[in-house]
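Pasting final-v7.cif here (mmCIF, C-alpha atoms):
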data_target
#
loop_
_atom_site.label_atom_id
_atom_site.label_comp_id
_atom_site.auth_asym_id
_atom_site.auth_seq_id
_atom_site.Cartn_x
_atom_site.Cartn_y
_atom_site.Cartn_z
CA MET A 677 0.00 0.00 0.00
CA ILE A 678 1.21 3.52 -0.78
CA ILE A 679 0.95 6.26 1.82
CA CYS A 680 1.69 9.91 1.06
CA ILE A 681 3.25 12.41 3.48
CA THR A 682 3.77 16.10 2.70
CA SER A 683 7.36 17.23 3.32
CA GLN A 684 9.24 20.52 3.45
CA GLU A 685 12.43 19.07 1.93
CA GLU A 686 13.65 16.14 -0.12
CA SER A 687 14.77 14.01 2.85
CA ILE A 688 13.22 11.33 5.04
CA ASP A 689 14.44 13.30 8.08
CA ALA A 690 12.96 16.60 6.86
CA GLN A 691 10.10 18.20 8.75
CA ALA A 692 6.68 17.36 7.42
CA ASP A 693 5.06 20.22 5.48
CA PRO A 694 1.90 21.31 7.33
CA ARG A 695 0.26 22.38 4.04
CA PHE A 696 -1.31 19.87 1.73
CA GLY A 697 -2.07 21.73 -1.50
CA ARG A 698 1.01 23.96 -1.34
CA CYS A 699 3.49 21.54 0.25
CA ALA A 700 7.03 21.51 -1.18
CA TYR A 701 7.26 17.72 -1.67
CA PHE A 702 4.99 14.72 -1.70
CA VAL A 703 6.65 11.63 -0.22
CA PHE A 704 5.21 8.32 -1.43
CA TYR A 705 6.06 5.45 0.91
CA ASN A 706 5.38 1.86 -0.11
CA THR A 707 4.59 -0.12 3.04
CA GLU A 708 5.47 -3.46 1.40
CA THR A 709 8.80 -2.60 -0.20
CA GLU A 710 9.58 0.20 2.33
CA GLU A 711 10.72 2.36 -0.58
CA THR A 712 10.19 6.13 -0.59
CA GLU A 713 9.78 8.37 -3.59
CA PHE A 714 10.03 12.17 -3.31
CA VAL A 715 8.17 14.23 -5.87
CA ARG A 716 8.27 18.02 -6.01
CA ASN A 717 4.75 19.49 -5.86
CA PRO A 718 4.19 20.94 -9.36
CA ASN A 719 1.43 23.34 -8.23
CA THR A 720 3.00 25.42 -5.46
CA GLU A 721 3.08 28.63 -7.52
CA ASP A 722 -0.47 28.37 -8.88
CA ALA A 723 -2.89 31.12 -7.95
CA GLY A 724 -5.68 28.78 -6.94
CA GLY A 725 -7.17 25.35 -7.10
CA VAL A 726 -4.11 23.73 -5.55
CA GLY A 727 -6.18 21.60 -3.14
CA VAL A 728 -7.99 19.88 -5.99
CA LYS A 729 -4.81 19.58 -8.06
CA ALA A 730 -2.85 18.08 -5.15
CA GLY A 731 -5.71 15.65 -4.46
CA GLN A 732 -5.70 14.56 -8.10
CA PHE A 733 -1.90 14.25 -8.03
CA VAL A 734 -1.74 11.87 -5.06
CA ILE A 735 -4.72 9.86 -6.35
CA ASP A 736 -2.95 9.40 -9.69
CA LYS A 737 0.15 8.23 -7.81
CA GLY A 738 -1.95 5.49 -6.24
CA ALA A 739 -1.83 6.67 -2.62
CA GLU A 740 -4.45 5.14 -0.32
CA VAL A 741 -3.59 7.15 2.79
CA VAL A 742 -2.52 10.83 2.91
CA ILE A 743 -0.82 12.31 5.98
CA SER A 744 -0.67 16.07 6.46
CA HIS A 745 -1.36 18.69 9.11
CA LYS A 746 -4.47 20.10 7.48
CA PHE A 747 -6.65 19.57 4.42
CA GLY A 748 -8.69 22.32 2.77
CA PRO A 749 -12.36 21.74 1.94
CA ASN A 750 -11.77 21.08 -1.79
CA ALA A 751 -8.87 18.69 -1.17
CA GLU A 752 -10.95 16.92 1.45
CA ASN A 753 -13.84 16.61 -1.00
CA VAL A 754 -11.63 15.04 -3.72
CA LEU A 755 -9.87 12.66 -1.33
CA ASN A 756 -13.11 11.64 0.38
CA THR A 757 -14.82 10.96 -2.93
CA ALA A 758 -11.86 8.85 -4.01
CA GLY A 759 -12.11 6.91 -0.75
CA ILE A 760 -8.66 7.95 0.42
CA GLU A 761 -7.98 7.99 4.13
CA MET A 762 -6.77 11.33 5.54
CA LYS A 763 -4.61 11.36 8.66
CA THR A 764 -3.60 14.59 10.41
CA HIS A 765 -0.70 15.34 12.72
CA ASP A 766 0.79 18.23 14.70
CA GLY A 767 4.36 18.05 13.43
CA GLY A 768 7.34 15.72 13.13
CA THR A 769 9.73 14.41 10.51
CA VAL A 770 8.68 12.25 7.58
CA ARG A 771 10.40 9.25 9.22
CA GLU A 772 8.60 9.82 12.54
CA LEU A 773 5.24 10.09 10.79
CA ILE A 774 5.79 6.88 8.83
CA GLU A 775 6.65 5.14 12.09
CA ALA A 776 3.64 6.64 13.81
CA TYR A 777 1.39 5.45 10.99
CA ARG A 778 2.86 1.91 11.15
CA ASN A 779 2.28 1.86 14.93
CA ASN A 780 -1.31 3.03 14.49
CA SER A 781 -0.57 6.10 16.63
CA LEU A 782 -1.66 8.84 14.22
CA MET B 418 -20.02 59.00 -19.96
CA THR B 419 -18.66 56.63 -17.31
CA ILE B 420 -16.89 57.90 -14.18
CA SER B 421 -15.45 55.37 -11.73
CA ILE B 422 -15.10 56.33 -8.08
CA ALA B 423 -12.23 54.17 -6.87
CA SER B 424 -9.56 54.01 -4.19
CA GLY B 425 -6.72 51.84 -3.14
CA LYS B 426 -7.57 51.73 0.54
CA GLY B 427 -10.99 50.66 1.74
CA GLY B 428 -13.04 52.98 3.92
CA THR B 429 -11.78 56.19 2.32
CA GLY B 430 -15.27 57.32 1.31
CA LYS B 431 -15.93 55.98 -2.19
CA THR B 432 -19.59 55.43 -1.45
CA THR B 433 -19.96 58.79 0.32
CA ILE B 434 -18.44 60.60 -2.67
CA ALA B 435 -20.12 58.46 -5.37
CA THR B 436 -23.64 58.81 -3.94
CA SER B 437 -23.35 62.55 -3.34
CA LEU B 438 -21.78 63.19 -6.75
CA ALA B 439 -24.51 61.18 -8.48
CA LEU B 440 -27.33 62.80 -6.49
CA ALA B 441 -25.99 66.33 -7.08
CA VAL B 442 -25.64 65.76 -10.84
CA ALA B 443 -29.03 64.01 -11.13
CA ASP B 444 -30.71 66.84 -9.27
CA GLN B 445 -29.02 69.46 -11.42
CA ALA B 446 -30.15 67.65 -14.59
CA LYS B 447 -33.66 66.79 -13.42
CA ASP B 448 -35.41 69.14 -15.85
CA ASP B 449 -33.34 68.03 -18.83
CA LYS B 450 -35.09 64.99 -20.30
CA THR B 451 -32.09 64.21 -22.49
CA VAL B 452 -29.83 63.51 -19.50
CA ASN B 453 -30.16 60.39 -17.38
CA VAL B 454 -27.83 59.91 -14.44
CA ARG B 455 -27.26 56.43 -13.00
CA LEU B 456 -25.28 55.24 -10.03
CA ILE B 457 -23.97 51.69 -10.52
CA ASP B 458 -22.70 49.95 -7.39
CA VAL B 459 -20.10 47.55 -8.76
CA ASP B 460 -18.65 46.76 -5.31
CA VAL B 461 -20.52 43.46 -5.58
CA GLU B 462 -18.92 41.87 -2.52
CA GLU B 463 -20.21 44.61 -0.27
CA PRO B 464 -22.63 46.87 -2.14
CA ASN B 465 -23.65 49.65 0.22
CA SER B 466 -24.73 52.60 -1.94
CA ALA B 467 -28.32 51.42 -1.47
CA LEU B 468 -28.01 52.15 2.26
CA PHE B 469 -27.70 55.84 1.38
CA LEU B 470 -29.98 55.98 -1.66
CA ASN B 471 -32.88 53.81 -0.42
CA PRO B 472 -33.82 53.00 -4.01
CA GLU B 473 -37.18 51.67 -5.09
CA TYR B 474 -36.31 48.45 -6.83
CA THR B 475 -38.11 47.82 -10.10
CA ASP B 476 -36.57 44.58 -11.30
CA GLN B 477 -33.83 42.08 -10.64
CA THR B 478 -32.16 39.26 -12.55
CA ASP B 479 -29.85 36.40 -11.63
CA HIS B 480 -26.32 36.73 -12.91
CA ASN B 481 -25.04 33.38 -14.18
CA MET B 482 -21.67 31.84 -14.90
CA LEU B 483 -21.30 28.88 -17.22
CA VAL B 484 -19.86 25.73 -15.63
CA PRO B 485 -19.02 22.42 -17.35
CA ARG B 486 -21.15 19.29 -17.00
CA VAL B 487 -20.31 15.83 -18.32
CA LYS B 488 -22.30 13.59 -20.66
CA GLU B 489 -21.60 10.32 -18.85
CA ASP B 490 -22.25 8.18 -21.94
CA LYS B 491 -19.63 10.03 -23.98
CA CYS B 492 -16.87 10.51 -21.36
CA THR B 493 -14.00 8.03 -21.68
CA SER B 494 -12.24 9.24 -18.46
CA CYS B 495 -9.16 10.24 -20.47
CA GLY B 496 -8.40 13.09 -18.05
CA ILE B 497 -7.46 15.64 -20.72
CA CYS B 498 -9.97 18.17 -19.33
CA VAL B 499 -8.43 17.88 -15.85
CA LYS B 500 -4.95 18.58 -17.23
CA THR B 501 -6.30 21.50 -19.26
CA CYS B 502 -8.03 23.26 -16.36
CA ALA B 503 -5.74 25.98 -14.97
CA TYR B 504 -7.97 26.55 -11.95
CA GLY B 505 -8.20 23.09 -10.38
CA ALA B 506 -11.94 22.98 -11.01
CA LEU B 507 -11.93 19.41 -12.31
CA ALA B 508 -10.81 16.11 -10.81
CA LEU B 509 -11.03 12.61 -12.21
CA LEU B 510 -11.47 9.71 -9.81
CA LYS B 511 -11.36 6.44 -11.75
CA ASP B 512 -14.35 7.00 -14.02
CA GLN B 513 -16.01 9.83 -12.10
CA LEU B 514 -15.42 13.45 -13.17
CA LEU B 515 -15.87 15.95 -10.32
CA VAL B 516 -16.60 19.62 -11.13
CA PHE B 517 -15.81 22.19 -8.43
CA ASP B 518 -18.20 24.92 -9.52
CA LYS B 519 -16.77 27.66 -7.33
CA MET B 520 -13.25 27.18 -8.69
CA CYS B 521 -14.42 27.40 -12.32
CA HIS B 522 -13.60 30.65 -14.18
CA SER B 523 -15.91 29.82 -17.14
CA CYS B 524 -12.97 29.90 -19.54
CA GLY B 525 -14.40 27.03 -21.60
CA ALA B 526 -10.96 25.43 -22.18
CA CYS B 527 -12.17 22.01 -20.99
CA LEU B 528 -14.90 21.97 -23.64
CA ILE B 529 -12.42 22.81 -26.37
CA ALA B 530 -9.89 20.24 -25.13
CA CYS B 531 -12.33 17.32 -24.76
CA PRO B 532 -11.71 14.96 -27.71
CA GLU B 533 -15.03 13.17 -27.17
CA ASP B 534 -17.30 16.24 -27.09
CA ALA B 535 -18.45 14.92 -23.71
CA LEU B 536 -18.73 18.28 -21.93
CA PHE B 537 -21.41 20.94 -22.12
CA GLU B 538 -22.02 24.15 -20.18
CA GLU B 539 -24.78 24.95 -17.75
CA PRO B 540 -25.60 28.36 -16.24
CA ARG B 541 -25.08 28.69 -12.49
CA PRO B 542 -26.28 31.79 -10.60
CA ILE B 543 -23.50 33.57 -8.67
CA GLY B 544 -25.36 36.72 -7.74
CA ARG B 545 -28.09 39.16 -8.64
CA ILE B 546 -28.34 42.44 -10.49
CA ASN B 547 -30.94 44.80 -9.03
CA ARG B 548 -32.30 47.86 -10.81
CA GLY B 549 -34.35 50.75 -9.53
CA ARG B 550 -34.52 54.48 -8.88
CA SER B 551 -33.81 56.88 -6.08
CA GLY B 552 -35.68 60.09 -6.96
CA ASN B 553 -34.04 61.60 -10.05
CA LEU B 554 -31.23 59.08 -9.96
CA ALA B 555 -31.36 55.74 -11.78
CA PHE B 556 -29.73 52.94 -9.81
CA THR B 557 -28.18 49.55 -10.58
CA GLU B 558 -26.27 47.28 -8.23
CA GLY B 559 -24.72 43.84 -8.26
CA ARG B 560 -24.75 41.49 -5.30
CA LEU B 561 -22.47 38.49 -5.25
CA ASN B 562 -24.00 35.51 -3.44
CA THR B 563 -22.45 34.70 -0.08
CA GLY B 564 -19.69 32.11 -0.40
CA GLU B 565 -18.90 32.84 -4.04
CA ALA B 566 -15.22 33.44 -4.79
CA LEU B 567 -15.30 35.31 -8.09
CA ALA B 568 -16.48 38.92 -8.25
CA PRO B 569 -15.24 40.01 -11.73
CA PRO B 570 -17.89 38.11 -13.76
CA ILE B 571 -20.74 40.00 -12.13
CA VAL B 572 -18.78 43.28 -12.34
CA ARG B 573 -18.48 42.70 -16.09
CA GLY B 574 -22.18 41.83 -16.22
CA LEU B 575 -23.00 45.19 -14.64
CA LYS B 576 -20.74 47.01 -17.06
CA ASP B 577 -22.37 45.32 -20.04
CA GLU B 578 -25.54 47.17 -19.03
CA ILE B 579 -23.91 50.61 -19.22
CA ASN B 580 -25.72 52.89 -21.63
CA SER B 581 -23.11 55.29 -23.05
CA GLU B 582 -25.84 57.92 -23.51
CA GLU B 583 -26.28 58.09 -19.74
CA ILE B 584 -23.99 59.60 -17.13
CA SER B 585 -22.89 56.49 -15.23
CA ILE B 586 -21.16 56.89 -11.88
CA LEU B 587 -19.57 53.67 -10.68
CA ASP B 588 -18.99 52.95 -6.99
CA ALA B 589 -15.98 50.65 -7.45
CA PRO B 590 -14.67 47.91 -5.16
CA PRO B 591 -11.74 48.89 -2.89
CA GLY B 592 -8.18 47.69 -3.38
CA THR B 593 -6.30 47.06 -6.60
CA SER B 594 -7.28 43.46 -7.25
CA CYS B 595 -9.18 41.83 -10.12
CA SER B 596 -12.62 43.18 -9.23
CA MET B 597 -11.35 46.78 -8.98
CA VAL B 598 -9.53 46.43 -12.31
CA ALA B 599 -12.65 44.94 -13.91
CA ALA B 600 -14.69 47.85 -12.53
CA ILE B 601 -12.62 50.80 -13.73
CA ARG B 602 -11.35 49.36 -17.03
CA LYS B 603 -12.60 51.42 -20.01
CA SER B 604 -14.08 54.14 -17.80
CA ASP B 605 -13.86 57.61 -19.31
CA TYR B 606 -12.50 58.89 -16.03
CA ALA B 607 -11.51 57.68 -12.57
CA LEU B 608 -11.75 59.74 -9.41
CA LEU B 609 -9.44 58.26 -6.78
CA VAL B 610 -10.78 58.93 -3.30
CA THR B 611 -8.20 58.94 -0.54
CA GLU B 612 -7.86 59.91 3.07
CA ASP B 613 -4.91 62.03 4.15
CA SER B 614 -3.07 59.36 6.13
CA PRO B 615 0.07 57.25 5.53
CA PHE B 616 -2.19 54.27 4.77
CA GLY B 617 -4.33 56.32 2.41
CA LEU B 618 -1.26 57.60 0.58
CA HIS B 619 0.33 54.16 0.35
CA ASP B 620 -2.75 52.64 -1.25
CA LEU B 621 -3.40 55.70 -3.42
CA GLU B 622 0.02 55.11 -4.94
CA LEU B 623 -1.02 51.53 -5.85
CA ALA B 624 -4.31 52.75 -7.31
CA VAL B 625 -2.48 55.38 -9.41
CA ASP B 626 -0.30 52.60 -10.85
CA VAL B 627 -3.42 50.64 -11.82
CA VAL B 628 -5.27 53.51 -13.53
CA ARG B 629 -2.10 54.49 -15.39
CA ASP B 630 -1.70 50.90 -16.57
CA LEU B 631 -5.30 50.87 -17.74
CA GLU B 632 -4.80 54.27 -19.40
CA VAL B 633 -7.82 55.73 -17.65
CA PRO B 634 -7.43 59.47 -17.02
CA PHE B 635 -7.79 60.30 -13.35
CA SER B 636 -7.48 62.81 -10.57
CA VAL B 637 -7.66 62.68 -6.79
CA PHE B 638 -10.32 63.57 -4.24
CA ILE B 639 -9.28 63.90 -0.59
CA ASN B 640 -11.86 62.91 1.99
CA ARG B 641 -11.79 63.95 5.66
CA GLU B 642 -9.03 66.45 4.89
CA GLU B 643 -7.43 68.25 7.82
CA GLU B 644 -5.27 71.35 7.73
CA GLU B 645 -2.26 69.88 9.53
CA ASN B 646 0.22 67.24 8.41
CA GLN B 647 -0.97 67.11 4.84
CA GLN B 648 0.63 64.29 2.89
CA VAL B 649 -1.48 63.63 -0.16
CA ARG B 650 -1.41 67.17 -1.63
CA PRO B 651 2.41 67.49 -1.64
CA TRP B 652 2.74 63.96 -3.01
CA CYS B 653 0.29 64.72 -5.84
CA GLU B 654 1.93 68.07 -6.57
CA GLN B 655 5.33 66.44 -7.02
CA ARG B 656 3.83 64.05 -9.54
CA ASN B 657 1.66 66.51 -11.45
CA ILE B 658 -1.51 64.76 -10.29
CA ASP B 659 -4.45 67.09 -9.77
CA VAL B 660 -6.49 67.11 -6.59
CA ILE B 661 -9.86 68.26 -7.92
CA GLY B 662 -11.85 68.17 -4.73
CA ALA B 663 -11.67 67.71 -0.98
CA LEU B 664 -14.23 67.17 1.72
CA PRO B 665 -12.95 68.60 4.99
CA TYR B 666 -13.02 66.54 8.17
CA SER B 667 -16.42 67.28 9.68
CA GLU B 668 -18.43 65.76 12.48
CA ASP B 669 -21.60 66.87 10.68
CA VAL B 670 -20.64 64.71 7.69
CA ALA B 671 -19.84 61.80 10.01
CA ARG B 672 -23.21 62.16 11.74
CA ALA B 673 -25.07 62.20 8.42
CA TYR B 674 -23.09 59.14 7.31
CA SER B 675 -23.94 57.26 10.49
CA ARG B 676 -27.63 57.91 9.85
CA GLY B 677 -27.32 56.69 6.25
CA GLU B 678 -27.93 60.14 4.79
CA PRO B 679 -26.06 61.27 1.65
CA VAL B 680 -23.86 64.31 2.33
CA VAL B 681 -25.57 66.53 -0.26
CA GLU B 682 -28.98 65.83 1.24
CA ALA B 683 -28.06 66.26 4.91
CA LEU B 684 -25.73 69.20 4.22
CA PRO B 685 -26.85 70.99 1.02
CA GLU B 686 -23.99 73.48 1.36
CA TYR B 687 -21.72 70.78 -0.10
CA ARG B 688 -23.78 70.43 -3.28
CA LYS B 689 -21.66 73.00 -5.11
CA LEU B 690 -18.46 71.16 -4.22
CA PHE B 691 -19.74 68.00 -5.92
CA LEU B 692 -21.09 69.85 -8.95
CA ASP B 693 -17.73 71.60 -9.35
CA VAL B 694 -15.97 68.24 -9.28
CA PHE B 695 -18.35 66.92 -11.94
CA HIS B 696 -17.90 69.92 -14.22
CA ASP B 697 -14.14 69.66 -13.80
CA ILE B 698 -14.21 65.96 -14.80
CA ASN B 699 -16.50 66.78 -17.70
CA LYS B 700 -14.00 69.34 -19.02
CA ARG B 701 -11.12 66.90 -18.63
CA ILE B 702 -12.96 64.20 -20.58
CA ALA B 703 -13.77 66.71 -23.32
CA ALA B 704 -10.17 67.94 -23.50
CA PRO B 705 -7.90 64.92 -22.87
CA GLY B 706 -4.19 65.22 -22.31
CA GLN B 707 -4.50 67.79 -19.56
CA ARG B 708 -2.60 67.52 -16.28
CA GLY B 709 -3.55 64.53 -14.22
CA GLY B 710 -4.25 62.51 -17.31
CA ILE B 711 -2.70 59.30 -18.41
CA SER B 712 0.84 60.57 -19.07
#
Starting from the file, lay out its structure as structure tokens.
Amino acid sequence: MIICITSQEESIDAQADPRFGRCAYFVFYNTETEETEFVRNPNTEDAGGVGVKAGQFVIDKGAEVVISHKFGPNAENVLNTAGIEMKTHDGGTVRELIEAYRNNSL
Amino acid sequence: MTISIASGKGGTGKTTIATSLALAVADQAKDDKTVNVRLIDVDVEEPNSALFLNPEYTDQTDHNMLVPRVKEDKCTSCGICVKTCAYGALALLKDQLLVFDKMCHSCGACLIACPEDALFEEPRPIGRINRGRSGNLAFTEGRLNTGEALAPPIVRGLKDEINSEEISILDAPPGTSCSMVAAIRKSDYALLVTEDSPFGLHDLELAVDVVRDLEVPFSVFINREEEENQQVRPWCEQRNIDVIGALPYSEDVARAYSRGEPVVEALPEYRKLFLDVFHDINKRIAAPGQRGGIS
């Protein structure tokens, strides 16, 4: 299963990015292979609609769970409709959040 | 003739000046059947001219935007429309196309891009346009529905109704964003209302940049002017921008305002000030290229 975490930098030890639609990086973590893929968010400079675009982006990447600090109403709508689970947190590194998710403590 | 009453900063007195200017001119022209004066409140996110004019409404219409809808039987879920949309108004989830109506700018690009001709447009009301009269003054206003994000479409809708034979005075939205630009674009003249404060001057400077960019001739009106610490007049003088009117700071004006009474009705001694401003603008429109113009 693929889970997605929003990150401020391209490192597993970077702080998670609290923003969903305007995060710097999406981190896709495969729970079976334990591989991570970092993808720069292509929509950070857009004037609007980034929540929907980010939702579409992570759906297309096959994520089933998305972990971020906060989701806007449009992003939430897209992710809900697609049946994707949204998990929120109050800070931490990408590594810590992956661990927390695996331990069911998010 | 179309005159926009605009400002950079909010709360400088656009509505106070626009309503009194329109009422003074309408009253002056009341016996001339060839002249019709109309105030158009294009500040659709917060239209408040009606609070001072108490118009009798005669009719109203919905203002619609076109949004895309999908013909399920034709859509192949190719996703080209989603990639085409610059505004994030479309999302494709497996075989379900979601349309986020409030994000849509009605650009129509998705319809053009769709290779299957599977999209069509449907009107969606975003606000209302109300028409009426306040004594000698004709009145039109736009009201954006609560929760809607886009003001410019209804501003453009209001401007499409402008009759160039009439004297139209536009109460513009504050700021220098899209709705203000949409409001003052193609006006014959803009009167920039400011207060004599550092904030007023800062935002006046932004508004001057906008009207110059739009090549709309303009001059400045100072509201609540005091005799000490003047900032706007010296700034305008240095830049060859004309200040063509000023309303002094006055508790009588403030009292009238708080009761919802137009200045020229509560305090008729100011009528001449507004008529002078109008005649000055009239002359400037007739003889372009004067000081304070677009150069």
Check which residues of chain A sit at most 10 Å from chain B using all atoms listed in the file, and return one row each with the closest pair of atoms and their distance in Å to one decimal, ordered by chain and rising number, as JSON lines.
{"residue": "A:Asn719", "atom": "CA", "partner": "B:Gly505", "partner_atom": "CA", "distance": 9.9}
{"residue": "A:Asp722", "atom": "CA", "partner": "B:Tyr504", "partner_atom": "CA", "distance": 8.3}
{"residue": "A:Ala723", "atom": "CA", "partner": "B:Tyr504", "partner_atom": "CA", "distance": 7.9}
{"residue": "A:Gly724", "atom": "CA", "partner": "B:Tyr504", "partner_atom": "CA", "distance": 5.9}
{"residue": "A:Gly725", "atom": "CA", "partner": "B:Gly505", "partner_atom": "CA", "distance": 4.1}
{"residue": "A:Val726", "atom": "CA", "partner": "B:Gly505", "partner_atom": "CA", "distance": 6.4}
{"residue": "A:Gly727", "atom": "CA", "partner": "B:Gly505", "partner_atom": "CA", "distance": 7.7}
{"residue": "A:Val728", "atom": "CA", "partner": "B:Gly505", "partner_atom": "CA", "distance": 5.4}
{"residue": "A:Lys729", "atom": "CA", "partner": "B:Gly505", "partner_atom": "CA", "distance": 5.4}
{"residue": "A:Ala730", "atom": "CA", "partner": "B:Gly505", "partner_atom": "CA", "distance": 9.0}
{"residue": "A:Gly731", "atom": "CA", "partner": "B:Ala508", "partner_atom": "CA", "distance": 8.2}
{"residue": "A:Gln732", "atom": "CA", "partner": "B:Ala508", "partner_atom": "CA", "distance": 6.0}
{"residue": "A:Phe733", "atom": "CA", "partner": "B:Ala508", "partner_atom": "CA", "distance": 9.5}
{"residue": "A:Ile735", "atom": "CA", "partner": "B:Leu510", "partner_atom": "CA", "distance": 7.6}
{"residue": "A:Asp736", "atom": "CA", "partner": "B:Leu510", "partner_atom": "CA", "distance": 8.5}
{"residue": "A:Asn750", "atom": "CA", "partner": "B:Phe517", "partner_atom": "CA", "distance": 7.9}
{"residue": "A:Asn753", "atom": "CA", "partner": "B:Phe517", "partner_atom": "CA", "distance": 9.5}
{"residue": "A:Val754", "atom": "CA", "partner": "B:Ala508", "partner_atom": "CA", "distance": 7.2}
{"residue": "A:Leu755", "atom": "CA", "partner": "B:Leu510", "partner_atom": "CA", "distance": 9.1}
{"residue": "A:Thr757", "atom": "CA", "partner": "B:Leu510", "partner_atom": "CA", "distance": 7.8}
{"residue": "A:Ala758", "atom": "CA", "partner": "B:Leu510", "partner_atom": "CA", "distance": 5.9}
{"residue": "A:Gly759", "atom": "CA", "partner": "B:Leu510", "partner_atom": "CA", "distance": 9.5}
Since we have the selection now, will you write its residues out, keeping C-alpha atoms, as a PDB file, in the frame of the given file?
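What ended up in out06.pdb:
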ATOM      1  CA  ASN A 719       1.430  23.340  -8.230  1.00  0.00           C
ATOM      2  CA  ASP A 722      -0.470  28.370  -8.880  1.00  0.00           C
ATOM      3  CA  ALA A 723      -2.890  31.120  -7.950  1.00  0.00           C
ATOM      4  CA  GLY A 724      -5.680  28.780  -6.940  1.00  0.00           C
ATOM      5  CA  GLY A 725      -7.170  25.350  -7.100  1.00  0.00           C
ATOM      6  CA  VAL A 726      -4.110  23.730  -5.550  1.00  0.00           C
ATOM      7  CA  GLY A 727      -6.180  21.600  -3.140  1.00  0.00           C
ATOM      8  CA  VAL A 728      -7.990  19.880  -5.990  1.00  0.00           C
ATOM      9  CA  LYS A 729      -4.810  19.580  -8.060  1.00  0.00           C
ATOM     10  CA  ALA A 730      -2.850  18.080  -5.150  1.00  0.00           C
ATOM     11  CA  GLY A 731      -5.710  15.650  -4.460  1.00  0.00           C
ATOM     12  CA  GLN A 732      -5.700  14.560  -8.100  1.00  0.00           C
ATOM     13  CA  PHE A 733      -1.900  14.250  -8.030  1.00  0.00           C
ATOM     14  CA  ILE A 735      -4.720   9.860  -6.350  1.00  0.00           C
ATOM     15  CA  ASP A 736      -2.950   9.400  -9.690  1.00  0.00           C
ATOM     16  CA  ASN A 750     -11.770  21.080  -1.790  1.00  0.00           C
ATOM     17  CA  ASN A 753     -13.840  16.610  -1.000  1.00  0.00           C
ATOM     18  CA  VAL A 754     -11.630  15.040  -3.720  1.00  0.00           C
ATOM     19  CA  LEU A 755      -9.870  12.660  -1.330  1.00  0.00           C
ATOM     20  CA  THR A 757     -14.820  10.960  -2.930  1.00  0.00           C
ATOM     21  CA  ALA A 758     -11.860   8.850  -4.010  1.00  0.00           C
ATOM     22  CA  GLY A 759     -12.110   6.910  -0.750  1.00  0.00           C
TER      23      GLY A 759
END
Self-check item: Shell around Val484 of chain B at 6 Å using only C-alpha atoms, local window under 3 positions removed, as a ChimeraX atom specification
Solution: /B:523,538-539
Exercise. Please provide as an MDAnalysis selection string all residues within 12 Å of Asp449 of chain B, with the sequence filter that same-chain residues fewer than 6 positions apart are discarded (counting all atoms listed in the file).
Key: chainID B and resid 442:443 553
Quiz item: Hey, which of B:Ile497, B:Thr419, B:Glu632, B:Ala683 ends up closest to Glu578 of chain B? Count only C-alpha atoms.
Solution: B:Thr419
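Proximity to Gln691 of chain A was assessed for A:Lys737, A:Ser781, A:Ser744, A:Glu752 counting all atoms listed in the file; the smallest distance is recorded for A:Ser744.
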Practice problem: In the coordinates of the file, take the point (9.6, 20.2, 5.8) and a cut-off of 8 Å; then, counting only C-alpha atoms, name each qualifying protein, DNA or RNA residue as a ChimeraX atom specification. | Solution: /A:682-685,690-694,700,769
May I have the selected residues written with C-alpha atoms, as a PDB file, in the frame of the given file?
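What follows is the written file result_7.pdb:
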ATOM      1  CA  THR A 682       3.770  16.100   2.700  1.00  0.00           C
ATOM      2  CA  SER A 683       7.360  17.230   3.320  1.00  0.00           C
ATOM      3  CA  GLN A 684       9.240  20.520   3.450  1.00  0.00           C
ATOM      4  CA  GLU A 685      12.430  19.070   1.930  1.00  0.00           C
ATOM      5  CA  ALA A 690      12.960  16.600   6.860  1.00  0.00           C
ATOM      6  CA  GLN A 691      10.100  18.200   8.750  1.00  0.00           C
ATOM      7  CA  ALA A 692       6.680  17.360   7.420  1.00  0.00           C
ATOM      8  CA  ASP A 693       5.060  20.220   5.480  1.00  0.00           C
ATOM      9  CA  PRO A 694       1.900  21.310   7.330  1.00  0.00           C
ATOM     10  CA  ALA A 700       7.030  21.510  -1.180  1.00  0.00           C
ATOM     11  CA  THR A 769       9.730  14.410  10.510  1.00  0.00           C
TER      12      THR A 769
END
